[in-house]
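Quick look at structure_30.json (JSON, C-alpha atoms):
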[["chain", "number", "residue", "atom", "x", "y", "z"],
["A", 14, "MET", "CA", 0.00, 0.00, 0.00],
["A", 15, "LYS", "CA", 1.11, 3.53, -0.76],
["A", 16, "THR", "CA", -0.01, 6.79, 0.81],
["A", 17, "LEU", "CA", -1.37, 9.84, -0.98],
["A", 18, "ASP", "CA", -1.72, 13.18, 0.86],
["A", 19, "LEU", "CA", -4.37, 15.41, -0.70],
["A", 20, "LYS", "CA", -5.29, 19.06, -0.13],
["A", 21, "ILE", "CA", -8.88, 19.45, -1.26],
["A", 22, "ASP", "CA", -10.46, 22.84, -1.93],
["A", 23, "GLY", "CA", -14.22, 23.08, -1.58],
["A", 24, "MET", "CA", -14.54, 20.83, 1.46],
["A", 25, "GLY", "CA", -16.29, 23.19, 3.84],
["A", 26, "SER", "CA", -18.35, 20.97, 6.10],
["A", 27, "ALA", "CA", -18.74, 17.56, 7.69],
["A", 28, "HIS", "CA", -21.06, 16.67, 4.81],
["A", 29, "CYS", "CA", -18.20, 17.29, 2.35],
["A", 30, "VAL", "CA", -15.92, 15.09, 4.44],
["A", 31, "GLY", "CA", -18.51, 12.31, 4.16],
["A", 32, "VAL", "CA", -18.83, 12.77, 0.40],
["A", 33, "VAL", "CA", -15.07, 12.57, -0.16],
["A", 34, "ASN", "CA", -14.84, 9.58, 2.17],
["A", 35, "ASN", "CA", -17.50, 7.76, 0.13],
["A", 36, "ILE", "CA", -15.81, 8.63, -3.17],
["A", 37, "VAL", "CA", -12.47, 7.23, -2.03],
["A", 38, "THR", "CA", -13.79, 4.08, -0.38],
["A", 39, "LYS", "CA", -15.77, 3.16, -3.52],
["A", 40, "GLN", "CA", -12.48, 2.84, -5.39],
["A", 41, "ASP", "CA", -11.20, -0.74, -5.33],
["A", 42, "GLY", "CA", -7.86, -0.73, -3.53],
["A", 43, "ALA", "CA", -8.29, 2.66, -1.82],
["A", 44, "ALA", "CA", -9.08, 3.56, 1.79],
["A", 45, "ILE", "CA", -9.09, 6.70, 3.90],
["A", 46, "GLU", "CA", -6.31, 6.85, 6.48],
["A", 47, "THR", "CA", -7.28, 10.28, 7.83],
["A", 48, "ILE", "CA", -9.72, 12.91, 6.65],
["A", 49, "GLU", "CA", -10.78, 16.35, 7.81],
["A", 50, "ILE", "CA", -12.10, 19.49, 6.20],
["A", 51, "GLY", "CA", -9.68, 20.46, 3.43],
["A", 52, "LYS", "CA", -7.41, 17.44, 3.43],
["A", 53, "ALA", "CA", -7.22, 13.67, 3.33],
["A", 54, "THR", "CA", -4.62, 10.96, 3.48],
["A", 55, "VAL", "CA", -5.47, 7.98, 1.31],
["A", 56, "ARG", "CA", -3.92, 4.52, 1.37],
["A", 57, "TYR", "CA", -4.08, 2.78, -1.99],
["A", 58, "ASP", "CA", -2.86, -0.30, -3.81],
["A", 59, "PRO", "CA", -1.14, 0.91, -7.00],
["A", 60, "GLU", "CA", -1.94, -2.41, -8.68],
["A", 61, "LYS", "CA", -5.67, -1.69, -8.30],
["A", 62, "VAL", "CA", -6.07, 2.09, -8.49],
["A", 63, "SER", "CA", -3.88, 5.02, -9.53],
["A", 64, "PRO", "CA", -3.54, 8.33, -7.68],
["A", 65, "GLU", "CA", -4.81, 10.02, -10.84],
["A", 66, "THR", "CA", -8.04, 8.00, -10.74],
["A", 67, "ILE", "CA", -8.60, 8.87, -7.08],
["A", 68, "VAL", "CA", -8.10, 12.58, -7.81],
["A", 69, "GLN", "CA", -10.34, 12.46, -10.91],
["A", 70, "GLU", "CA", -13.17, 10.85, -8.95],
["A", 71, "ILE", "CA", -12.94, 13.50, -6.22],
["A", 72, "GLU", "CA", -12.88, 16.30, -8.78],
["A", 73, "LYS", "CA", -15.94, 14.86, -10.58],
["A", 74, "MET", "CA", -17.92, 15.78, -7.47],
["A", 75, "GLY", "CA", -16.89, 19.44, -7.75],
["A", 76, "TYR", "CA", -13.91, 19.54, -5.40],
["A", 77, "LYS", "CA", -10.46, 20.71, -6.46],
["A", 78, "VAL", "CA", -7.42, 18.69, -5.46],
["A", 79, "VAL", "CA", -4.35, 20.93, -5.25]]

Show me the file's structure as C-alpha coordinates.
Amino acid sequence: MKTLDLKIDGMGSAHCVGVVNNIVTKQDGAAIETIEIGKATVRYDPEKVSPETIVQEIEKMGYKVV
(Lines of atoms letter the chains of each structure in order from A and count residues from 1; the text may use other names and numbers.)
(Lines give C-alpha, C1' and ligand atoms only; values in the text may rest on other atoms or scores of the structure.)
Protein backbone atom coordinates (compact mmCIF):
# COMPACT_ATOMS: atom_id res chain seq x y z
CA MET A 1 0.00 0.00 0.00
CA LYS A 2 1.11 3.53 -0.76
CA THR A 3 -0.01 6.79 0.81
CA LEU A 4 -1.37 9.84 -0.98
CA ASP A 5 -1.72 13.18 0.86
CA LEU A 6 -4.37 15.41 -0.70
CA LYS A 7 -5.29 19.06 -0.13
CA ILE A 8 -8.88 19.45 -1.26
CA ASP A 9 -10.46 22.84 -1.93
CA GLY A 10 -14.22 23.08 -1.58
CA MET A 11 -14.54 20.83 1.46
CA GLY A 12 -16.29 23.19 3.84
CA SER A 13 -18.35 20.97 6.10
CA ALA A 14 -18.74 17.56 7.69
CA HIS A 15 -21.06 16.67 4.81
CA CYS A 16 -18.20 17.29 2.35
CA VAL A 17 -15.92 15.09 4.44
CA GLY A 18 -18.51 12.31 4.16
CA VAL A 19 -18.83 12.77 0.40
CA VAL A 20 -15.07 12.57 -0.16
CA ASN A 21 -14.84 9.58 2.17
CA ASN A 22 -17.50 7.76 0.13
CA ILE A 23 -15.81 8.63 -3.17
CA VAL A 24 -12.47 7.23 -2.03
CA THR A 25 -13.79 4.08 -0.38
CA LYS A 26 -15.77 3.16 -3.52
CA GLN A 27 -12.48 2.84 -5.39
CA ASP A 28 -11.20 -0.74 -5.33
CA GLY A 29 -7.86 -0.73 -3.53
CA ALA A 30 -8.29 2.66 -1.82
CA ALA A 31 -9.08 3.56 1.79
CA ILE A 32 -9.09 6.70 3.90
CA GLU A 33 -6.31 6.85 6.48
CA THR A 34 -7.28 10.28 7.83
CA ILE A 35 -9.72 12.91 6.65
CA GLU A 36 -10.78 16.35 7.81
CA ILE A 37 -12.10 19.49 6.20
CA GLY A 38 -9.68 20.46 3.43
CA LYS A 39 -7.41 17.44 3.43
CA ALA A 40 -7.22 13.67 3.33
CA THR A 41 -4.62 10.96 3.48
CA VAL A 42 -5.47 7.98 1.31
CA ARG A 43 -3.92 4.52 1.37
CA TYR A 44 -4.08 2.78 -1.99
CA ASP A 45 -2.86 -0.30 -3.81
CA PRO A 46 -1.14 0.91 -7.00
CA GLU A 47 -1.94 -2.41 -8.68
CA LYS A 48 -5.67 -1.69 -8.30
CA VAL A 49 -6.07 2.09 -8.49
CA SER A 50 -3.88 5.02 -9.53
CA PRO A 51 -3.54 8.33 -7.68
CA GLU A 52 -4.81 10.02 -10.84
CA THR A 53 -8.04 8.00 -10.74
CA ILE A 54 -8.60 8.87 -7.08
CA VAL A 55 -8.10 12.58 -7.81
CA GLN A 56 -10.34 12.46 -10.91
CA GLU A 57 -13.17 10.85 -8.95
CA ILE A 58 -12.94 13.50 -6.22
CA GLU A 59 -12.88 16.30 -8.78
CA LYS A 60 -15.94 14.86 -10.58
CA MET A 61 -17.92 15.78 -7.47
CA GLY A 62 -16.89 19.44 -7.75
CA TYR A 63 -13.91 19.54 -5.40
CA LYS A 64 -10.46 20.71 -6.46
CA VAL A 65 -7.42 18.69 -5.46
CA VAL A 66 -4.35 20.93 -5.25

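Distance check against A:Glu49 using only C-alpha atoms: of A:Val79, A:Met74, A:Val68, A:Val32, the minimum falls on A:Val32.
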
**Report entry** Pick from A:Ile67, A:Val78, A:Lys73, A:Ile21, whichever lies nearest to A:Asp41 using only C-alpha atoms
**Finding:**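 Among the listed residues, A:Ile67 lies closest to A:Asp41.
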
Query raised in the report: Residues at most 9 Å from A:Tyr57, counting only C-alpha atoms, excluding those fewer than 4 positions away in the same chain, as a list of chain:residue names?
Result: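 Within the cut-off, the hits are A:Met14, A:Lys15, A:Thr16, A:Leu17, A:Asp41, A:Gly42, A:Ala43, A:Ala44, A:Ile45, A:Lys61, A:Val62, A:Ser63, A:Pro64.
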
Query raised in the report: Any idea what the distance is between atom CA of A:Glu70 and atom CA of A:Ile36?
Result: 6.7 Å

Query raised in the report: Looking at A:Arg56, A:Gln40, A:Gly51, A:Ile71, which one is nearest to A:Asp22, with distances taken over all atoms listed in the file?
Result: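 The shortest atom-to-atom distance to A:Asp22 comes from A:Gly51.
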
Query raised in the report: For A:Asn34, which residue among A:Tyr76, A:Pro59, A:Ala53, A:Lys20 is the nearest when counting only C-alpha atoms?
Result: A:Ala53

Query - Nearest residue to A:Lys39 from the set A:Thr66, A:Lys52, A:Asp18, A:Gly75 (distances using all atoms listed in the file) - result: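 Using all atoms listed in the file, the shortest distance to A:Lys39 belongs to A:Thr66.
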